[in-house]
file model_21.cif (mmCIF, C-alpha atoms and all ligand atoms)
data_final
#
loop_
_atom_site.group_PDB
_atom_site.id
_atom_site.type_symbol
_atom_site.label_atom_id
_atom_site.label_comp_id
_atom_site.auth_asym_id
_atom_site.auth_seq_id
_atom_site.Cartn_x
_atom_site.Cartn_y
_atom_site.Cartn_z
ATOM 1 C CA MET A 1 -11.271 -19.185 2.323
ATOM 2 C CA LEU A 2 -11.861 -15.452 2.177
ATOM 3 C CA LYS A 3 -9.864 -14.872 -1.011
ATOM 4 C CA ASP A 4 -11.239 -17.788 -3.018
ATOM 5 C CA GLY A 5 -13.587 -16.889 -5.872
ATOM 6 C CA ARG A 6 -11.890 -13.640 -6.804
ATOM 7 C CA VAL A 7 -9.514 -12.603 -9.553
ATOM 8 C CA PHE A 8 -5.932 -12.359 -8.291
ATOM 9 C CA VAL A 9 -4.016 -9.323 -9.478
ATOM 10 C CA ILE A 10 -0.343 -10.049 -8.891
ATOM 11 C CA PRO A 11 2.239 -7.366 -9.607
ATOM 12 C CA CYS A 12 5.980 -7.990 -9.701
ATOM 13 C CA SER A 13 6.595 -5.042 -7.324
ATOM 14 C CA GLY A 14 10.087 -4.759 -8.767
ATOM 15 C CA ILE A 15 12.099 -2.738 -6.269
ATOM 16 C CA GLY A 16 14.851 -1.744 -8.646
ATOM 17 C CA LYS A 17 12.652 0.057 -11.149
ATOM 18 C CA ALA A 18 9.989 2.795 -11.020
ATOM 19 C CA LEU A 19 7.776 0.758 -13.338
ATOM 20 C CA GLY A 20 7.631 -2.004 -10.716
ATOM 21 C CA THR A 21 6.142 0.561 -8.341
ATOM 22 C CA VAL A 22 3.618 1.606 -11.011
ATOM 23 C CA GLY A 23 2.363 -1.987 -11.314
ATOM 24 C CA ARG A 24 2.042 -2.261 -7.556
ATOM 25 C CA ALA A 25 0.150 1.064 -7.311
ATOM 26 C CA ALA A 26 -2.202 0.018 -10.142
ATOM 27 C CA MET A 27 -2.968 -3.227 -8.319
ATOM 28 C CA TYR A 28 -3.889 -1.372 -5.100
ATOM 29 C CA GLU A 29 -6.148 0.960 -7.058
ATOM 30 C CA VAL A 30 -7.997 -2.037 -8.491
ATOM 31 C CA VAL A 31 -8.283 -4.247 -5.405
ATOM 32 C CA GLU A 32 -8.972 -1.412 -2.949
ATOM 33 C CA LYS A 33 -11.012 1.039 -5.044
ATOM 34 C CA LEU A 34 -12.160 -0.064 -8.506
ATOM 35 C CA ARG A 35 -13.071 -3.754 -7.960
ATOM 36 C CA PRO A 36 -12.761 -4.443 -4.196
ATOM 37 C CA ASN A 37 -15.314 -7.255 -4.246
ATOM 38 C CA GLU A 38 -14.106 -8.956 -7.396
ATOM 39 C CA ALA A 39 -10.330 -8.731 -7.096
ATOM 40 C CA THR A 40 -7.650 -9.363 -4.518
ATOM 41 C CA THR A 41 -3.911 -9.941 -4.311
ATOM 42 C CA ILE A 42 -1.323 -12.156 -2.695
ATOM 43 C CA CYS A 43 2.330 -11.678 -1.843
ATOM 44 C CA LEU A 44 4.141 -12.800 -5.007
ATOM 45 C CA PRO A 45 7.191 -13.960 -2.977
ATOM 46 C CA LEU A 46 5.001 -16.631 -1.384
ATOM 47 C CA LEU A 47 4.740 -18.141 -4.869
ATOM 48 C CA THR A 48 8.494 -17.739 -5.324
ATOM 49 C CA ILE A 49 9.150 -19.783 -2.187
ATOM 50 C CA GLY A 50 6.382 -22.302 -2.931
ATOM 51 C CA ASP A 51 4.025 -21.631 0.006
ATOM 52 C CA GLU A 52 1.406 -24.398 -0.206
ATOM 53 C CA ALA A 53 -1.668 -22.320 0.758
ATOM 54 C CA VAL A 54 -0.861 -19.591 -1.741
ATOM 55 C CA LEU A 55 0.007 -22.076 -4.499
ATOM 56 C CA LYS A 56 -3.450 -23.551 -4.050
ATOM 57 C CA LEU A 57 -5.108 -20.140 -4.296
ATOM 58 C CA ALA A 58 -3.184 -19.293 -7.472
ATOM 59 C CA ARG A 59 -4.077 -22.630 -9.039
ATOM 60 C CA ASN A 60 -7.777 -22.409 -8.214
ATOM 61 C CA ASN A 61 -8.470 -18.783 -9.125
ATOM 62 C CA PRO A 62 -7.864 -16.666 -12.235
ATOM 63 C CA CYS A 63 -4.582 -14.729 -11.960
ATOM 64 C CA ILE A 64 -3.495 -11.600 -13.802
ATOM 65 C CA SER A 65 0.218 -10.766 -13.799
ATOM 66 C CA VAL A 66 1.427 -7.165 -13.877
ATOM 67 C CA ASP A 67 5.097 -6.734 -14.707
ATOM 68 C CA GLY A 68 7.397 -3.760 -14.617
ATOM 69 C CA CYS A 69 9.819 -4.838 -17.331
ATOM 70 C CA PRO A 70 10.418 -7.516 -19.955
ATOM 71 C CA PHE A 71 11.833 -9.936 -17.369
ATOM 72 C CA GLN A 72 8.149 -10.526 -16.530
ATOM 73 C CA CYS A 73 8.822 -11.917 -13.078
ATOM 74 C CA ALA A 74 5.178 -12.023 -11.968
ATOM 75 C CA ARG A 75 4.121 -13.919 -15.098
ATOM 76 C CA LYS A 76 7.034 -16.375 -14.838
ATOM 77 C CA ASN A 77 6.513 -16.964 -11.115
ATOM 78 C CA ILE A 78 2.807 -17.685 -11.671
ATOM 79 C CA GLU A 79 3.603 -20.004 -14.571
ATOM 80 C CA ALA A 80 6.311 -21.817 -12.616
ATOM 81 C CA SER A 81 3.792 -22.291 -9.791
ATOM 82 C CA LYS A 82 1.265 -23.744 -12.266
ATOM 83 C CA GLY A 83 -1.090 -20.910 -11.394
ATOM 84 C CA LYS A 84 -4.193 -20.176 -13.465
ATOM 85 C CA LEU A 85 -2.746 -17.292 -15.502
ATOM 86 C CA VAL A 86 -5.532 -15.719 -17.577
ATOM 87 C CA ALA A 87 -3.959 -12.394 -18.585
ATOM 88 C CA SER A 88 -0.614 -10.609 -18.458
ATOM 89 C CA PHE A 89 0.074 -6.892 -18.421
ATOM 90 C CA MET A 90 3.358 -5.050 -18.808
ATOM 91 C CA VAL A 91 3.750 -1.515 -17.517
ATOM 92 C CA THR A 92 6.171 -0.857 -20.379
ATOM 93 C CA ASP A 93 3.319 -1.451 -22.886
ATOM 94 C CA VAL A 94 1.122 1.129 -21.141
ATOM 95 C CA LEU A 95 4.055 3.549 -21.022
ATOM 96 C CA ARG A 96 4.567 3.093 -24.773
ATOM 97 C CA GLU A 97 0.984 4.265 -25.280
ATOM 98 C CA ASN A 98 1.548 7.194 -22.885
ATOM 99 C CA LYS A 99 5.103 8.287 -23.568
ATOM 100 C CA ASP A 100 4.756 11.563 -21.657
ATOM 101 C CA LEU A 101 4.056 9.699 -18.378
ATOM 102 C CA LYS A 102 7.520 8.333 -17.625
ATOM 103 C CA PRO A 103 7.888 8.174 -13.831
ATOM 104 C CA LYS A 104 11.199 8.824 -12.100
ATOM 105 C CA ALA A 105 11.029 8.009 -8.387
ATOM 106 C CA VAL A 106 10.818 4.377 -7.235
ATOM 107 C CA THR A 107 9.836 4.898 -3.597
ATOM 108 C CA GLU A 108 6.971 7.315 -3.974
ATOM 109 C CA LEU A 109 5.474 7.806 -7.411
ATOM 110 C CA ASP A 110 5.464 11.297 -8.914
ATOM 111 C CA PRO A 111 2.249 12.621 -10.549
ATOM 112 C CA LYS A 112 3.217 11.065 -13.888
ATOM 113 C CA GLY A 113 3.715 7.662 -12.279
ATOM 114 C CA LEU A 114 0.390 7.942 -10.451
ATOM 115 C CA LYS A 115 -1.407 8.825 -13.679
ATOM 116 C CA LEU A 116 0.223 5.894 -15.469
ATOM 117 C CA ALA A 117 -0.856 3.613 -12.594
ATOM 118 C CA SER A 118 -4.455 4.863 -12.902
ATOM 119 C CA ILE A 119 -4.528 4.152 -16.639
ATOM 120 C CA LEU A 120 -3.220 0.641 -16.010
ATOM 121 C CA ALA A 121 -5.722 0.153 -13.169
ATOM 122 C CA GLU A 122 -8.609 0.940 -15.553
ATOM 123 C CA LYS A 123 -7.284 -1.651 -18.003
ATOM 124 C CA LEU A 124 -7.031 -4.209 -15.209
ATOM 125 C CA ALA A 125 -10.603 -3.483 -14.080
ATOM 126 C CA THR A 126 -11.878 -3.995 -17.636
ATOM 127 C CA GLN A 127 -9.970 -7.283 -17.824
ATOM 128 C CA ILE A 128 -11.485 -8.442 -14.519
ATOM 129 C CA ASP A 129 -15.003 -7.655 -15.806
ATOM 130 C CA GLU A 130 -14.283 -9.676 -18.965
ATOM 131 C CA ILE A 131 -13.039 -12.634 -16.939
ATOM 132 C CA ASN A 132 -16.096 -12.545 -14.712
ATOM 133 C CA ASN A 133 -18.483 -12.181 -17.675
ATOM 134 C CA ASN A 134 -16.894 -15.162 -19.422
ATOM 135 C CA ASN A 135 -17.193 -17.256 -16.264
ATOM 136 C CA ARG A 136 -20.895 -16.617 -15.859
ATOM 137 C CA MET B 1 41.390 -2.396 -13.766
ATOM 138 C CA ALA B 2 38.123 -1.086 -12.349
ATOM 139 C CA ILE B 3 38.050 -0.690 -8.604
ATOM 140 C CA VAL B 4 34.978 -2.369 -7.189
ATOM 141 C CA LYS B 5 33.989 -0.997 -3.822
ATOM 142 C CA ASP B 6 32.639 -3.489 -1.306
ATOM 143 C CA LYS B 7 28.872 -3.509 -1.319
ATOM 144 C CA VAL B 8 26.169 -5.208 0.678
ATOM 145 C CA GLY B 9 23.081 -6.664 -0.991
ATOM 146 C CA VAL B 10 19.669 -5.769 0.450
ATOM 147 C CA VAL B 11 16.804 -7.908 -0.794
ATOM 148 C CA SER B 12 13.309 -6.864 0.257
ATOM 149 C CA CYS B 13 10.305 -9.168 0.179
ATOM 150 C CA SER B 14 8.133 -6.193 -0.931
ATOM 151 C CA GLY B 15 5.109 -8.334 0.019
ATOM 152 C CA GLU B 16 2.050 -6.869 -1.714
ATOM 153 C CA ASP B 17 -0.635 -8.295 0.528
ATOM 154 C CA LEU B 18 0.541 -7.105 3.942
ATOM 155 C CA PRO B 19 1.300 -3.579 5.187
ATOM 156 C CA GLU B 20 4.543 -4.964 6.633
ATOM 157 C CA GLY B 21 5.632 -5.912 3.096
ATOM 158 C CA THR B 22 5.193 -2.301 2.018
ATOM 159 C CA ILE B 23 7.234 -1.154 5.024
ATOM 160 C CA SER B 24 10.000 -3.613 4.074
ATOM 161 C CA ARG B 25 10.013 -2.195 0.549
ATOM 162 C CA ILE B 26 10.031 1.490 1.544
ATOM 163 C CA ALA B 27 12.632 0.942 4.290
ATOM 164 C CA THR B 28 14.888 -0.827 1.790
ATOM 165 C CA ARG B 29 14.535 2.029 -0.697
ATOM 166 C CA ILE B 30 15.390 4.563 2.042
ATOM 167 C CA VAL B 31 18.625 2.660 2.691
ATOM 168 C CA LEU B 32 19.444 2.412 -1.031
ATOM 169 C CA GLU B 33 18.638 6.035 -1.811
ATOM 170 C CA LYS B 34 19.405 7.970 1.356
ATOM 171 C CA LEU B 35 21.117 6.166 4.225
ATOM 172 C CA ARG B 36 23.740 3.986 2.499
ATOM 173 C CA PRO B 37 23.554 4.719 -1.259
ATOM 174 C CA ASN B 38 27.238 3.969 -1.823
ATOM 175 C CA ASP B 39 27.360 0.766 0.178
ATOM 176 C CA THR B 40 24.266 -1.125 -0.981
ATOM 177 C CA VAL B 41 22.825 -2.805 -4.047
ATOM 178 C CA THR B 42 19.541 -4.588 -4.581
ATOM 179 C CA ILE B 43 17.779 -6.996 -6.877
ATOM 180 C CA CYS B 44 14.090 -7.739 -7.425
ATOM 181 C CA LEU B 45 13.349 -10.875 -5.346
ATOM 182 C CA PRO B 46 11.094 -12.618 -7.941
ATOM 183 C CA LEU B 47 13.927 -12.279 -10.444
ATOM 184 C CA PHE B 48 15.768 -15.073 -8.634
ATOM 185 C CA LEU B 49 13.224 -17.479 -10.080
ATOM 186 C CA ALA B 50 12.466 -15.640 -13.319
ATOM 187 C CA GLY B 51 16.009 -14.605 -14.201
ATOM 188 C CA SER B 52 19.190 -16.380 -15.196
ATOM 189 C CA GLU B 53 22.297 -17.631 -13.405
ATOM 190 C CA ASP B 54 23.618 -14.069 -13.531
ATOM 191 C CA GLU B 55 20.810 -12.904 -11.251
ATOM 192 C CA ARG B 56 21.024 -15.983 -9.059
ATOM 193 C CA ALA B 57 24.709 -15.244 -8.381
ATOM 194 C CA PHE B 58 23.682 -12.107 -6.438
ATOM 195 C CA ALA B 59 23.994 -13.385 -2.852
ATOM 196 C CA ARG B 60 27.222 -15.184 -3.706
ATOM 197 C CA VAL B 61 28.739 -11.960 -5.029
ATOM 198 C CA PHE B 62 27.399 -9.610 -2.341
ATOM 199 C CA PRO B 63 26.925 -10.487 1.329
ATOM 200 C CA THR B 64 23.161 -10.091 1.446
ATOM 201 C CA ILE B 65 20.673 -8.950 4.068
ATOM 202 C CA ALA B 66 17.094 -10.182 3.612
ATOM 203 C CA ILE B 67 14.375 -7.683 4.587
ATOM 204 C CA ASP B 68 11.104 -9.422 5.354
ATOM 205 C CA GLY B 69 7.685 -8.127 6.281
ATOM 206 C CA CYS B 70 6.585 -11.045 8.424
ATOM 207 C CA ASP B 71 7.701 -14.366 9.819
ATOM 208 C CA LYS B 72 7.055 -16.157 6.527
ATOM 209 C CA ARG B 73 10.504 -14.683 5.701
ATOM 210 C CA CYS B 74 10.055 -14.888 1.931
ATOM 211 C CA ALA B 75 13.171 -12.830 1.142
ATOM 212 C CA GLU B 76 15.340 -14.981 3.396
ATOM 213 C CA VAL B 77 13.899 -18.274 2.145
ATOM 214 C CA GLY B 78 13.850 -17.198 -1.526
ATOM 215 C CA THR B 79 17.398 -15.827 -1.443
ATOM 216 C CA LYS B 80 18.683 -18.982 0.224
ATOM 217 C CA LYS B 81 16.765 -21.248 -2.162
ATOM 218 C CA TYR B 82 17.865 -19.601 -5.419
ATOM 219 C CA SER B 83 20.988 -17.584 -4.718
ATOM 220 C CA GLY B 84 22.871 -17.980 -1.451
ATOM 221 C CA LYS B 85 22.352 -17.861 2.311
ATOM 222 C CA PRO B 86 21.752 -14.302 3.524
ATOM 223 C CA VAL B 87 24.214 -13.086 6.146
ATOM 224 C CA ALA B 88 21.349 -11.563 8.146
ATOM 225 C CA THR B 89 17.590 -11.124 8.116
ATOM 226 C CA ILE B 90 15.558 -8.178 9.337
ATOM 227 C CA VAL B 91 11.873 -8.825 9.985
ATOM 228 C CA VAL B 92 9.589 -5.779 10.083
ATOM 229 C CA SER B 93 6.976 -7.388 12.363
ATOM 230 C CA GLU B 94 9.712 -8.062 14.933
ATOM 231 C CA ILE B 95 10.991 -4.482 14.842
ATOM 232 C CA MET B 96 7.410 -3.232 15.200
ATOM 233 C CA GLN B 97 7.217 -4.837 18.629
ATOM 234 C CA LYS B 98 9.795 -2.316 19.829
ATOM 235 C CA TYR B 99 7.578 0.557 18.700
ATOM 236 C CA PRO B 100 4.012 -0.334 19.683
ATOM 237 C CA TYR B 101 2.857 3.221 18.939
ATOM 238 C CA LEU B 102 3.860 2.794 15.277
ATOM 239 C CA LYS B 103 1.346 0.561 13.521
ATOM 240 C CA ALA B 104 1.480 -0.573 9.884
ATOM 241 C CA LYS B 105 -1.991 -0.445 8.366
ATOM 242 C CA SER B 106 -1.704 0.719 4.755
ATOM 243 C CA ARG B 107 -0.397 -1.313 1.881
ATOM 244 C CA GLY B 108 -0.301 1.624 -0.531
ATOM 245 C CA LYS B 109 0.467 5.198 0.493
ATOM 246 C CA LEU B 110 2.028 5.440 3.946
ATOM 247 C CA SER B 111 0.778 7.713 6.731
ATOM 248 C CA ALA B 112 3.208 9.870 8.742
ATOM 249 C CA LYS B 113 3.420 7.208 11.472
ATOM 250 C CA GLU B 114 4.049 4.482 8.897
ATOM 251 C CA LYS B 115 6.793 6.594 7.332
ATOM 252 C CA GLU B 116 8.328 6.928 10.788
ATOM 253 C CA LEU B 117 8.195 3.141 11.161
ATOM 254 C CA ALA B 118 9.796 2.679 7.729
ATOM 255 C CA LEU B 119 12.612 5.003 8.820
ATOM 256 C CA LYS B 120 13.159 3.030 12.041
ATOM 257 C CA VAL B 121 13.402 -0.181 10.003
ATOM 258 C CA ALA B 122 15.716 1.555 7.521
ATOM 259 C CA GLU B 123 18.001 2.633 10.373
ATOM 260 C CA GLU B 124 18.209 -0.966 11.580
ATOM 261 C CA ILE B 125 19.064 -2.122 8.062
ATOM 262 C CA ALA B 126 21.749 0.581 7.755
ATOM 263 C CA ALA B 127 23.290 -0.476 11.087
ATOM 264 C CA LYS B 128 23.354 -4.068 9.851
ATOM 265 C CA VAL B 129 24.987 -2.963 6.575
ATOM 266 C CA ASP B 130 27.740 -1.220 8.591
ATOM 267 C CA GLU B 131 28.210 -4.347 10.698
ATOM 268 C CA VAL B 132 28.531 -6.558 7.612
ATOM 269 C CA LEU B 133 31.030 -4.176 5.982
ATOM 270 C CA GLU B 134 33.022 -3.949 9.197
ATOM 271 C CA ARG B 135 33.162 -7.756 9.405
ATOM 272 C CA LYS B 136 34.250 -7.893 5.775
ATOM 273 C CA LYS B 137 36.980 -5.348 6.412
ATOM 274 C CA ARG B 138 38.243 -7.451 9.307
ATOM 275 C CA GLY B 139 38.262 -10.451 6.988
ATOM 276 C CA ASP B 140 35.590 -12.457 8.806
ATOM 277 C CA SER B 141 33.853 -14.859 6.447
ATOM 278 C CA ASN B 142 30.480 -14.600 8.210
HETATM 279 S S1 LIG A 201 9.582 -7.744 -14.014
HETATM 280 FE FE1 LIG A 201 11.097 -8.527 -12.526
HETATM 281 S S2 LIG A 201 12.999 -7.446 -12.986
HETATM 282 FE FE2 LIG A 201 11.325 -6.319 -13.998
HETATM 283 S S3 LIG A 201 10.757 -4.725 -12.480
HETATM 284 FE FE3 LIG A 201 9.431 -6.496 -12.154
HETATM 285 S S4 LIG A 201 10.424 -7.717 -10.534
HETATM 286 FE FE4 LIG A 201 11.959 -6.291 -11.360
HETATM 287 S S1 LIG A 202 7.594 -12.101 4.234
HETATM 288 FE FE1 LIG A 202 5.424 -11.772 4.741
HETATM 289 S S2 LIG A 202 4.958 -9.696 3.934
HETATM 290 FE FE2 LIG A 202 6.871 -10.407 2.954
HETATM 291 S S3 LIG A 202 6.209 -11.341 1.027
HETATM 292 FE FE3 LIG A 202 6.357 -12.980 2.556
HETATM 293 S S4 LIG A 202 4.270 -13.167 3.387
HETATM 294 FE FE4 LIG A 202 4.378 -11.186 2.326
#
call {"tool": "encode", "arguments": {"input": "model_21.cif", "output": "structure tokens"}}
result
Amino acid sequence: MLKDGRVFVIPCSGIGKALGTVGRAAMYEVVEKLRPNEATTICLPLLTIGDEAVLKLARNNPCISVDGCPFQCARKNIEASKGKLVASFMVTDVLRENKDLKPKAVTELDPKGLKLASILAEKLATQIDEINNNNR
Amino acid sequence: MAIVKDKVGVVSCSGEDLPEGTISRIATRIVLEKLRPNDTVTICLPLFLAGSEDERAFARVFPTIAIDGCDKRCAEVGTKKYSGKPVATIVVSEIMQKYPYLKAKSRGKLSAKEKELALKVAEEIAAKVDEVLERKKRGDSN
């Protein structure tokens, strides 16, 4: 299958909070720009509903969760699906390190939100490199 | 006693992997923020599994419309599985068939045409919200 053999970056995409949008934007930056050949994503809700094909992908490939708040929905959904969770990120942790970058809008990120997403994307890319180096 | 105004729940799949999932997410936000801000509430879909009984009560408290990107219908199936049966489902890929000139290609930042599509979907959601509220006012259970 096309997606097999890559690292899965799975954000919560929380719709109620701007930090959910930051996680989603960071994921796109990684899978479309920073590490397009090494990383990919899946629709998290397919794990929530127990879609067999996606469960298999999450169990056979390293997964990184990216969550918008301490509920950690992406992490918990991957764990509940018995996915191969190798790392977990929380946007709130990155915000704590960059207090001046608090985003406001949920729908379309403001410049602060975009900057925060880029910082998180760099961290995700570094994590993906580490995972791939360890698997060599 | 606090007066609680009738509200309709809108739960978007927000699917990350498909452009239609992004349209479902943006359309839902347009409804929540601009078209029907006083009539709608939302919840993060994956919270049904990750959260507590309080979160899982959502669709039993609010008549809920599921907004899905494609015919996998994750919001509908997930809401039904963990919370309660949605009163309606809107599927972006079905609405897109009505507007063949509006294609969904991006998963991240939307183009002008994709924004137009998101607005069309949002208008359909808003019409459905009105219908649900009207039914509620008339005292229909479904
Ligand atoms: S972790 Fe869960 S509750 Fe928090 S923003 Fe993400 S989806 Fe929403
Ligand atoms: S309904 Fe389709 S687009 Fe939405 S999360 Fe499920 S698979 Fe993804």
call {"tool": "residues_around", "arguments": {"input": "model_21.cif", "residues": "region 49-55 of chain B", "least_positions_apart": "3", "cutoff": "6 Å", "atoms": "only C-alpha atoms", "output": "PDB file with C-alpha atoms, in the coordinates of the input"}}
result
ATOM      1  CA  CYS A  73       8.822 -11.917 -13.078  1.00  0.00           C
ATOM      2  CA  LYS A  76       7.034 -16.375 -14.838  1.00  0.00           C
TER       3      LYS A  76
ATOM      4  CA  PRO B  46      11.094 -12.618  -7.941  1.00  0.00           C
ATOM      5  CA  PHE B  58      23.682 -12.107  -6.438  1.00  0.00           C
TER       6      PHE B  58
END
call {"tool": "atom_distance", "arguments": {"input": "model_21.cif", "atom1": "CA of Ala118 (chain B)", "atom2": "CA of Asn38 (chain B)"}}
result
19.9 Å
call {"tool": "residues_near_ligand", "arguments": {"input": "model_21.cif", "ligand": "ligand LIG 202 (chain A)", "cutoff": "6 Å", "atoms": "all atoms listed in the file", "output": "list of chain:residue names"}}
result
A:Cys43, A:Pro45, A:Leu46, B:Cys13, B:Ser14, B:Gly15, B:Leu18, B:Glu20, B:Gly21, B:Asp68, B:Gly69, B:Cys70, B:Lys72, B:Arg73, B:Cys74
call {"tool": "residues_near_ligand", "arguments": {"input": "model_21.cif", "ligand": "ligand LIG 201 (chain A)", "cutoff": "8 Å", "atoms": "only C-alpha atoms and all ligand atoms", "output": "PyMOL selection string"}}
result
(chain A and resi 11-20+67-74) or (chain B and resi 43-47+50-51)
call {"tool": "resolve_selection", "arguments": {"input": "model_21.cif", "expression": "the PyMOL selection byres (((chain A and resi 40) around 9) and not hetatm)", "output": "list in words"}}
result
Lys3, Arg6, Val7, Phe8, Val9, Ile10, Met27, Tyr28, Val30, Val31, Glu32, Arg35, Pro36, Asn37, Glu38, Ala39, Thr41 and Ile42 of chain A; Asp17 of chain B
call {"tool": "resolve_selection", "arguments": {"input": "model_21.cif", "expression": "the PyMOL selection byres (((chain B and resi 64) around 6) and not hetatm)", "output": "ChimeraX atom specification"}}
result
/B:8-10,59,62-63,65,86-87
call {"tool": "atom_distance", "arguments": {"input": "model_21.cif", "atom1": "CA of Lys128 (chain B)", "atom2": "CA of Ser12 (chain B)"}}
result
14.2 Å
call {"tool": "residues_near_point", "arguments": {"input": "model_21.cif", "point": "(4.6, 7.7, 10.0)", "cutoff": "12 Å", "atoms": "all atoms listed in the file", "output": "MDAnalysis selection string"}}
result
chainID B and resid 23 26:27 99 101:106 109:121
call {"tool": "atom_distance", "arguments": {"input": "model_21.cif", "atom1": "CA of Asn132 (chain A)", "atom2": "CA of Leu55 (chain A)"}}
result
21.3 Å
call {"tool": "closest_residue", "arguments": {"input": "model_21.cif", "among": "B:Val132, B:Ala66, B:Ala126, B:Lys81", "to": "Pro37 (chain B)", "atoms": "all atoms listed in the file"}}
result
B:Ala126
call {"tool": "axis_aligned_box", "arguments": {"input": "model_21.cif", "around": "region 24-35 of chain A", "padding_each_side": "8 Å", "output": "lines of an AutoDock Vina configuration file"}}
result
center_x = -5.5
center_y = -1.6
center_z = -6.5
size_x = 31.1
size_y = 21.3
size_z = 23.2
call {"tool": "residues_around", "arguments": {"input": "model_21.cif", "residues": "Ile78 (chain A)", "least_positions_apart": "6", "cutoff": "8 Å", "atoms": "all atoms listed in the file", "output": "VMD selection string"}}
result
chain A and resid 47 58 63 65 84 to 85
call {"tool": "closest_residue", "arguments": {"input": "model_21.cif", "among": "A:Lys99, A:Arg24, A:Lys33, A:Lys115", "to": "chain B", "atoms": "only C-alpha atoms"}}
result
A:Arg24
call {"tool": "residues_around", "arguments": {"input": "model_21.cif", "residues": "Ile119 (chain A)", "least_positions_apart": "3", "cutoff": "12 Å", "atoms": "all atoms listed in the file", "output": "list in words"}}
result
Val22, Gly23, Ala25, Ala26, Met27, Glu29, Val30, Leu34, Val91, Asp93, Val94, Leu95, Glu97, Asn98, Leu101, Lys112, Gly113, Leu114, Lys115, Leu116, Glu122, Lys123, Leu124, Ala125 and Thr126 of chain A
call {"tool": "decode", "arguments": {"input": "model_21.cif", "residues": "region 36-47 of chain A", "atoms": "N, CA, C and O atoms", "output": "PDB file, in the first residue's frame"}}
result
ATOM      1  N   PRO A  36       8.074  15.060   2.823  1.00  0.00           N
ATOM      2  CA  PRO A  36       6.998  14.457   2.017  1.00  0.00           C
ATOM      3  C   PRO A  36       7.221  12.976   1.691  1.00  0.00           C
ATOM      4  O   PRO A  36       6.253  12.248   1.474  1.00  0.00           O
ATOM      5  N   ASN A  37       8.469  12.545   1.657  1.00  0.00           N
ATOM      6  CA  ASN A  37       8.714  11.143   1.311  1.00  0.00           C
ATOM      7  C   ASN A  37       8.785  10.229   2.529  1.00  0.00           C
ATOM      8  O   ASN A  37       8.741   9.007   2.400  1.00  0.00           O
ATOM      9  N   GLU A  38       8.941  10.830   3.677  1.00  0.00           N
ATOM     10  CA  GLU A  38       9.099  10.018   4.898  1.00  0.00           C
ATOM     11  C   GLU A  38       7.834   9.978   5.753  1.00  0.00           C
ATOM     12  O   GLU A  38       7.678   9.081   6.579  1.00  0.00           O
ATOM     13  N   ALA A  39       6.972  10.980   5.580  1.00  0.00           N
ATOM     14  CA  ALA A  39       5.822  11.087   6.486  1.00  0.00           C
ATOM     15  C   ALA A  39       4.519  11.192   5.706  1.00  0.00           C
ATOM     16  O   ALA A  39       4.484  11.649   4.570  1.00  0.00           O
ATOM     17  N   THR A  40       3.452  10.778   6.355  1.00  0.00           N
ATOM     18  CA  THR A  40       2.125  10.895   5.759  1.00  0.00           C
ATOM     19  C   THR A  40       1.105  11.035   6.895  1.00  0.00           C
ATOM     20  O   THR A  40       1.477  11.104   8.062  1.00  0.00           O
ATOM     21  N   THR A  41      -0.163  11.076   6.522  1.00  0.00           N
ATOM     22  CA  THR A  41      -1.196  11.184   7.558  1.00  0.00           C
ATOM     23  C   THR A  41      -2.382  10.300   7.213  1.00  0.00           C
ATOM     24  O   THR A  41      -2.443   9.720   6.110  1.00  0.00           O
ATOM     25  N   ILE A  42      -3.281  10.193   8.139  1.00  0.00           N
ATOM     26  CA  ILE A  42      -4.558   9.510   7.896  1.00  0.00           C
ATOM     27  C   ILE A  42      -5.645  10.351   8.552  1.00  0.00           C
ATOM     28  O   ILE A  42      -5.342  11.220   9.360  1.00  0.00           O
ATOM     29  N   CYS A  43      -6.891  10.080   8.210  1.00  0.00           N
ATOM     30  CA  CYS A  43      -7.983  10.753   8.908  1.00  0.00           C
ATOM     31  C   CYS A  43      -8.129  10.108  10.283  1.00  0.00           C
ATOM     32  O   CYS A  43      -8.479   8.918  10.376  1.00  0.00           O
ATOM     33  N   LEU A  44      -7.866  10.866  11.335  1.00  0.00           N
ATOM     34  CA  LEU A  44      -8.003  10.330  12.699  1.00  0.00           C
ATOM     35  C   LEU A  44      -9.391   9.716  12.953  1.00  0.00           C
ATOM     36  O   LEU A  44      -9.489   8.663  13.599  1.00  0.00           O
ATOM     37  N   PRO A  45     -10.478  10.340  12.450  1.00  0.00           N
ATOM     38  CA  PRO A  45     -11.803   9.754  12.720  1.00  0.00           C
ATOM     39  C   PRO A  45     -11.952   8.315  12.216  1.00  0.00           C
ATOM     40  O   PRO A  45     -12.786   7.569  12.733  1.00  0.00           O
ATOM     41  N   LEU A  46     -11.154   7.929  11.236  1.00  0.00           N
ATOM     42  CA  LEU A  46     -11.234   6.533  10.779  1.00  0.00           C
ATOM     43  C   LEU A  46     -10.761   5.589  11.882  1.00  0.00           C
ATOM     44  O   LEU A  46     -11.217   4.449  11.981  1.00  0.00           O
ATOM     45  N   LEU A  47      -9.821   6.076  12.710  1.00  0.00           N
ATOM     46  CA  LEU A  47      -9.416   5.279  13.880  1.00  0.00           C
ATOM     47  C   LEU A  47     -10.542   5.284  14.908  1.00  0.00           C
ATOM     48  O   LEU A  47     -10.847   4.253  15.512  1.00  0.00           O
TER      49      LEU A  47
END
